[in-house]
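Raw contents of start_27.cif, mmCIF, C-alpha atoms:
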data_upload
#
loop_
_atom_site.label_atom_id
_atom_site.label_comp_id
_atom_site.auth_asym_id
_atom_site.auth_seq_id
_atom_site.Cartn_x
_atom_site.Cartn_y
_atom_site.Cartn_z
CA MET E 1 0.00 0.00 0.00
CA SER E 2 3.02 2.32 0.19
CA VAL E 3 2.58 3.29 -3.46
CA ILE E 4 -0.83 4.90 -2.84
CA PRO E 5 0.55 8.39 -2.01
CA LEU E 6 2.60 8.47 -5.20
CA VAL E 7 -0.36 7.14 -7.20
CA PHE E 8 -2.64 9.83 -5.78
CA THR E 9 -0.12 12.61 -6.38
CA SER E 10 0.62 11.52 -9.94
CA GLY E 11 -3.13 11.38 -10.61
CA TRP E 12 -3.66 14.90 -9.29
CA ALA E 13 -0.76 16.21 -11.36
CA SER E 14 -1.89 14.33 -14.49
CA GLY E 15 -5.24 16.11 -14.35
CA ILE E 16 -3.39 19.40 -14.68
CA ASN E 17 -0.57 18.50 -17.06
CA ALA E 18 -0.21 14.81 -17.88
CA TYR E 19 2.67 15.37 -20.28
CA ALA E 20 4.72 17.09 -17.59
CA VAL E 21 4.14 14.15 -15.25
CA VAL E 22 5.31 11.60 -17.83
CA LEU E 23 8.32 13.76 -18.70
CA LEU E 24 9.35 14.36 -15.09
CA LEU E 25 8.92 10.77 -13.95
CA GLY E 26 10.69 9.49 -17.05
CA VAL E 27 13.65 11.80 -16.52
CA PHE E 28 13.86 10.90 -12.84
CA GLY E 29 13.88 7.22 -13.72
CA ALA E 30 16.31 7.49 -16.63
CA THR E 31 18.81 9.51 -14.60
CA GLY E 32 18.65 7.16 -11.63
CA VAL E 33 17.05 9.67 -9.27
CA SER E 34 14.27 7.19 -8.50
CA ASP E 35 14.05 3.41 -8.76
CA GLU E 36 10.24 3.45 -8.57
CA VAL E 37 9.67 4.82 -12.07
CA PRO E 38 8.49 2.12 -14.51
CA ALA E 39 10.75 1.35 -17.45
CA ALA E 40 7.92 2.18 -19.86
CA LEU E 41 8.09 5.84 -18.82
CA GLN E 42 11.86 5.96 -19.28
CA ARG E 43 11.87 5.01 -22.94
CA THR E 44 13.45 7.58 -25.23
CA ASP E 45 10.49 7.67 -27.63
CA VAL E 46 8.06 8.21 -24.73
CA LEU E 47 10.18 11.07 -23.37
CA ILE E 48 10.44 12.73 -26.80
CA VAL E 49 6.69 12.55 -27.42
CA ALA E 50 5.95 13.77 -23.90
CA GLY E 51 8.40 16.65 -24.35
CA VAL E 52 6.87 17.77 -27.65
CA LEU E 53 3.31 17.57 -26.29
CA PHE E 54 4.38 19.40 -23.14
CA LEU E 55 5.68 22.28 -25.28
CA CYS E 56 2.41 22.33 -27.24
CA GLU E 57 0.43 22.48 -24.00
CA ALA E 58 2.72 25.16 -22.58
CA ILE E 59 1.80 27.39 -25.54
CA ALA E 60 -1.91 26.56 -25.82
CA ASP E 61 -2.38 26.85 -22.08
CA LYS E 62 -1.44 30.54 -22.07
CA ILE E 63 -3.81 31.75 -24.80
CA PRO E 64 -7.32 32.81 -23.68
CA TYR E 65 -10.08 30.45 -24.89
CA VAL E 66 -7.53 28.28 -26.69
CA ASP E 67 -6.72 26.88 -23.26
CA SER E 68 -10.38 25.96 -22.72
CA VAL E 69 -10.52 24.22 -26.11
CA TRP E 70 -7.35 22.36 -25.19
CA ASP E 71 -8.84 21.39 -21.82
CA THR E 72 -12.01 20.12 -23.51
CA ALA E 73 -9.95 17.95 -25.83
CA HIS E 74 -8.08 16.54 -22.83
CA THR E 75 -11.14 15.67 -20.75
CA VAL E 76 -10.54 12.02 -21.63
CA ILE E 77 -6.77 12.12 -22.21
CA ARG E 78 -5.76 13.38 -18.76
CA PRO E 79 -7.81 10.91 -16.69
CA VAL E 80 -6.67 8.04 -18.91
CA ALA E 81 -3.06 9.17 -18.57
CA GLY E 82 -3.49 9.40 -14.80
CA ALA E 83 -4.90 5.87 -14.70
CA VAL E 84 -2.14 4.43 -16.89
CA ILE E 85 0.65 6.12 -14.92
CA ALA E 86 -0.87 4.95 -11.65
CA ALA E 87 -1.20 1.37 -12.92
CA LEU E 88 2.41 1.37 -14.10
CA LEU E 89 3.60 2.70 -10.74
CA ALA E 90 1.62 0.04 -8.89
CA GLY E 91 2.90 -2.70 -11.16
CA GLU E 92 6.45 -1.55 -10.58
CA SER E 93 6.08 -1.61 -6.80
CA GLY E 94 3.97 -4.73 -6.61
CA SER E 95 2.22 -3.38 -3.51
CA LEU E 96 -1.14 -2.43 -5.02
CA PRO E 97 -3.26 -4.14 -7.71
CA GLU E 98 -2.92 -2.27 -10.98
CA LEU E 99 -6.68 -2.02 -11.50
CA ALA E 100 -7.19 -0.35 -8.12
CA ALA E 101 -4.25 1.98 -8.74
CA GLY E 102 -5.66 2.92 -12.13
CA ALA E 103 -9.00 3.74 -10.56
CA ILE E 104 -7.36 5.97 -7.95
CA GLY E 105 -5.12 7.73 -10.45
CA GLY E 106 -7.82 8.14 -13.08
CA SER E 107 -10.50 9.47 -10.74
CA THR E 108 -8.08 11.87 -9.08
CA ALA E 109 -6.89 13.09 -12.48
CA LEU E 110 -10.49 13.63 -13.58
CA MET E 111 -11.26 15.73 -10.50
CA SER E 112 -8.17 17.91 -10.85
CA HIS E 113 -8.81 18.27 -14.58
CA LEU E 114 -12.35 19.50 -13.95
CA VAL E 115 -11.00 21.96 -11.40
CA LYS E 116 -8.44 23.26 -13.88
CA ALA E 117 -10.93 23.49 -16.75
CA GLY E 118 -13.51 25.25 -14.56
CA THR E 119 -10.96 27.73 -13.25
CA ARG E 120 -9.75 28.52 -16.76
CA MET E 121 -13.28 29.12 -18.00
CA ALA E 122 -13.75 31.61 -15.17
CA VAL E 123 -10.40 33.28 -15.85
CA ASN E 124 -11.30 33.65 -19.53
CA THR E 125 -14.11 36.04 -18.56
CA SER E 126 -11.37 38.54 -17.71
CA PRO E 127 -10.67 40.96 -20.59
CA GLU E 128 -6.87 40.84 -20.20
CA PRO E 129 -4.67 37.86 -21.19
CA PHE E 130 -2.11 38.08 -18.40
CA SER E 131 -4.18 36.08 -15.91
CA ASN E 132 -4.02 33.06 -18.24
CA VAL E 133 -0.24 33.28 -18.41
CA VAL E 134 0.05 33.59 -14.63
CA MET E 135 -2.32 30.65 -14.06
CA SER E 136 -0.47 28.48 -16.56
CA ILE E 137 2.94 29.19 -15.06
CA ALA E 138 1.62 28.58 -11.54
CA GLU E 139 0.12 25.25 -12.62
CA ASP E 140 3.32 24.11 -14.33
CA LEU E 141 5.46 25.07 -11.35
CA GLY E 142 3.00 23.43 -8.96
CA VAL E 143 3.01 20.16 -10.90
CA ALA E 144 6.81 20.15 -11.19
CA GLY E 145 7.29 20.94 -7.51
CA VAL E 146 4.77 18.44 -6.13
CA VAL E 147 5.82 15.58 -8.43
CA THR E 148 9.48 16.16 -7.61
CA PHE E 149 8.68 16.29 -3.91
CA ALA E 150 6.67 13.07 -4.25
CA ILE E 151 9.76 11.20 -5.39
CA PHE E 152 11.50 11.95 -2.10
CA ASN E 153 8.53 12.24 0.28
CA PRO E 154 5.41 10.72 -1.27
CA VAL E 155 3.18 10.98 1.81
CA ALA E 156 3.78 14.70 2.36
CA ALA E 157 3.38 15.34 -1.37
CA ALA E 158 0.05 13.48 -1.37
CA VAL E 159 -1.17 15.64 1.51
CA ILE E 160 -0.20 18.78 -0.42
CA ALA E 161 -1.94 17.47 -3.55
CA ALA E 162 -5.10 16.69 -1.56
CA VAL E 163 -5.15 20.17 -0.01
CA LEU E 164 -4.65 21.78 -3.42
CA LEU E 165 -7.43 19.66 -4.88
CA VAL E 166 -9.88 20.68 -2.14
CA LEU E 167 -8.89 24.34 -2.46
CA GLY E 168 -9.35 24.10 -6.21
CA ILE E 169 -12.86 22.66 -5.85
CA VAL E 170 -13.82 25.42 -3.40
CA THR E 171 -12.39 28.05 -5.75
CA VAL E 172 -14.33 26.74 -8.74
CA VAL E 173 -17.59 26.71 -6.77
CA PHE E 174 -16.93 30.28 -5.59
CA LEU E 175 -16.03 31.53 -9.07
CA ALA E 176 -19.08 29.83 -10.59
CA SER E 177 -21.40 31.57 -8.12
CA ARG E 178 -19.78 34.94 -8.80
CA ILE E 179 -20.05 34.50 -12.57
CA ARG E 180 -23.72 33.49 -12.34
CA ARG E 181 -24.41 36.57 -10.22
CA PHE E 182 -22.57 38.77 -12.70
CA LEU E 183 -24.50 37.35 -15.65
CA ARG E 184 -27.84 37.86 -13.87
CA ARG E 185 -26.99 41.48 -13.11
CA ARG E 186 -25.87 42.13 -16.68
CA ALA E 187 -29.07 40.62 -18.05
CA GLN E 188 -31.09 42.75 -15.63
CA ARG E 189 -29.29 45.94 -16.70
CA ARG E 190 -29.88 45.15 -20.37
CA GLU E 191 -33.56 44.58 -19.69
CA GLU E 192 -33.80 47.88 -17.80
CA LYS E 193 -32.13 49.73 -20.70
CA ARG E 194 -34.46 48.07 -23.19
CA LEU E 195 -37.54 49.02 -21.19
CA ALA E 196 -36.24 52.56 -20.69
CA GLY E 197 -35.73 52.90 -24.46
CA THR E 198 -39.21 51.72 -25.29
CA GLY E 199 -40.89 53.73 -22.53
CA ALA E 200 -42.48 50.59 -21.09
CA PRO E 201 -42.95 50.36 -17.32
CA TRP E 202 -40.28 48.42 -15.45
CA PRO E 203 -41.30 45.11 -13.99
CA PRO E 204 -42.11 45.23 -10.27
CA GLY E 205 -39.47 44.27 -7.71
#

Structure translated into structure tokens:
Amino acid sequence: MSVIPLVFTSGWASGINAYAVVLLLGVFGATGVSDEVPAALQRTDVLIVAGVLFLCEAIADKIPYVDSVWDTAHTVIRPVAGAVIAALLAGESGSLPELAAGAIGGSTALMSHLVKAGTRMAVNTSPEPFSNVVMSIAEDLGVAGVVTFAIFNPVAAAVIAAVLLVLGIVTVVFLASRIRRFLRRRAQRREEKRLAGTGAPWPPG
């Protein structure tokens, strides 16, 4: 069961940037930093593909609305990647059935992906593009830091990932309520302007 913290952390990180997780774990394994990284993630072709896709995501993730399209396209990819990485980690350690590990990694990746996608949709309502760049850099640094930390202290890293996941869910719920309130007020103002232009009486209340 000792692999569970690493499985959970890799799942959380995969929901944000699966290519970064594959690239980091692969590099750590190939350079001998960690013996827990499966050989499949250390292959040169896997690292090259992950590196190219990571660069593509790094660009798309910083462009307003393009990031949301990218997130939509990865609604399946990130959870699947989280499940596969988790299953490989469990198979390497032999301490957790691969199917159970895949379920943990995949479901965690799905939750963190939905948090990321929801946050980005809220950020895209801002008229300036800098918030997207800041969010993207913060996410990349967060994934890199937590995954690296997980190699040396998986339990503490899993706690950090869990806290970040909960905070992300709370943030998305808060932003969604604020956006709904903003849209209602904007619709009300438009209706008031329309009625004022036509000379019709305003609705009561």

>> Report, in Å to a single decimal, how far apart atom CA of E:Thr9 and atom CA of E:Phe149 are.
In response: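 Straight-line distance from atom CA of E:Phe149 to atom CA of E:Thr9 works out to 9.9 Å.
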
>> When the PyMOL selection byres ((chain E and resi 22) around 9) is applied to the structure above, which residues does it catch, written out as a PyMOL selection string?
In response: chain E and resi 14+18-21+23-27+41-42+46-47+50-51+81+85

>> I'd like to know which of E:Ala157, E:Leu164, E:Val84, E:Met121 is closest to E:Ile63, using all atoms listed in the file.
In response: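 Closest residue, counting all atoms listed in the file: E:Met121.
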
> For the atom pair atom CA of E:Ile48 and atom CA of E:Gly29, what is the interatomic distance in Å to one decimal place?
Replying inline: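 We find that atom CA of E:Ile48 and atom CA of E:Gly29 lie 14.6 Å from each other.
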
Within 10 Å of E:Thr119, counting all atoms listed in the file, which residues show up once you throw out same-chain ones fewer than 5 positions away? Write them as a PDB file with C-alpha atoms, in the coordinates of the input, please.
ATOM      1  CA  SER E  68     -10.380  25.960 -22.720  1.00  0.00           C
ATOM      2  CA  HIS E 113      -8.810  18.270 -14.580  1.00  0.00           C
ATOM      3  CA  LEU E 114     -12.350  19.500 -13.950  1.00  0.00           C
ATOM      4  CA  ASN E 124     -11.300  33.650 -19.530  1.00  0.00           C
ATOM      5  CA  MET E 135      -2.320  30.650 -14.060  1.00  0.00           C
ATOM      6  CA  GLY E 168      -9.350  24.100  -6.210  1.00  0.00           C
ATOM      7  CA  ILE E 169     -12.860  22.660  -5.850  1.00  0.00           C
ATOM      8  CA  THR E 171     -12.390  28.050  -5.750  1.00  0.00           C
ATOM      9  CA  VAL E 172     -14.330  26.740  -8.740  1.00  0.00           C
ATOM     10  CA  VAL E 173     -17.590  26.710  -6.770  1.00  0.00           C
ATOM     11  CA  LEU E 175     -16.030  31.530  -9.070  1.00  0.00           C
ATOM     12  CA  ALA E 176     -19.080  29.830 -10.590  1.00  0.00           C
TER      13      ALA E 176
END

>> Nearest residue to E:Ala122 out of E:Asp67, E:Val49, E:Cys56, E:Gly32, using only C-alpha atoms?
In response: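 The answer is E:Asp67, which sits nearest to E:Ala122.
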
> What is the atom CA of E:Val37 to atom CA of E:Gly11 distance in Å?
Replying inline: 14.5 Å

>> Going by the chain IDs and residue numbers used in this file, which residues fall under the PyMOL selection byres ((chain E and resi 107-112) around 7)? Write them as number ranges by chain.
In response: E: 8, 11-16, 78-79, 82, 103-106, 113-116, 165

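Using only C-alpha atoms, the smallest distance between any of E:Val52, E:Ile179, E:Ala40, E:Val133 and E:Leu88 comes from E:Ala40.
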
> Using only C-alpha atoms, which residues sit within 10 Å of E:Ile151 once same-chain residues fewer than 2 positions away are excluded, as an MDAnalysis selection string?
Replying inline: chainID E and resid 6 25 28 33:37 146:149 153:155 157

>> Restricting the calculation to all atoms listed in the file: of E:Ala158, E:Arg189, E:Lys62, E:Arg180, which residue gets closest to E:Val134?
In response: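 Checking each of E:Ala158, E:Arg189, E:Lys62, E:Arg180 against E:Val134, counting all atoms listed in the file, the winner is E:Lys62.
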
>> Please expand the PyMOL selection byres ((chain E and resi 100) around 10) into the concrete residues it hits in this file, giving the result as number ranges by chain.
In response: E: 4, 83, 86-87, 90, 96-99, 101-106
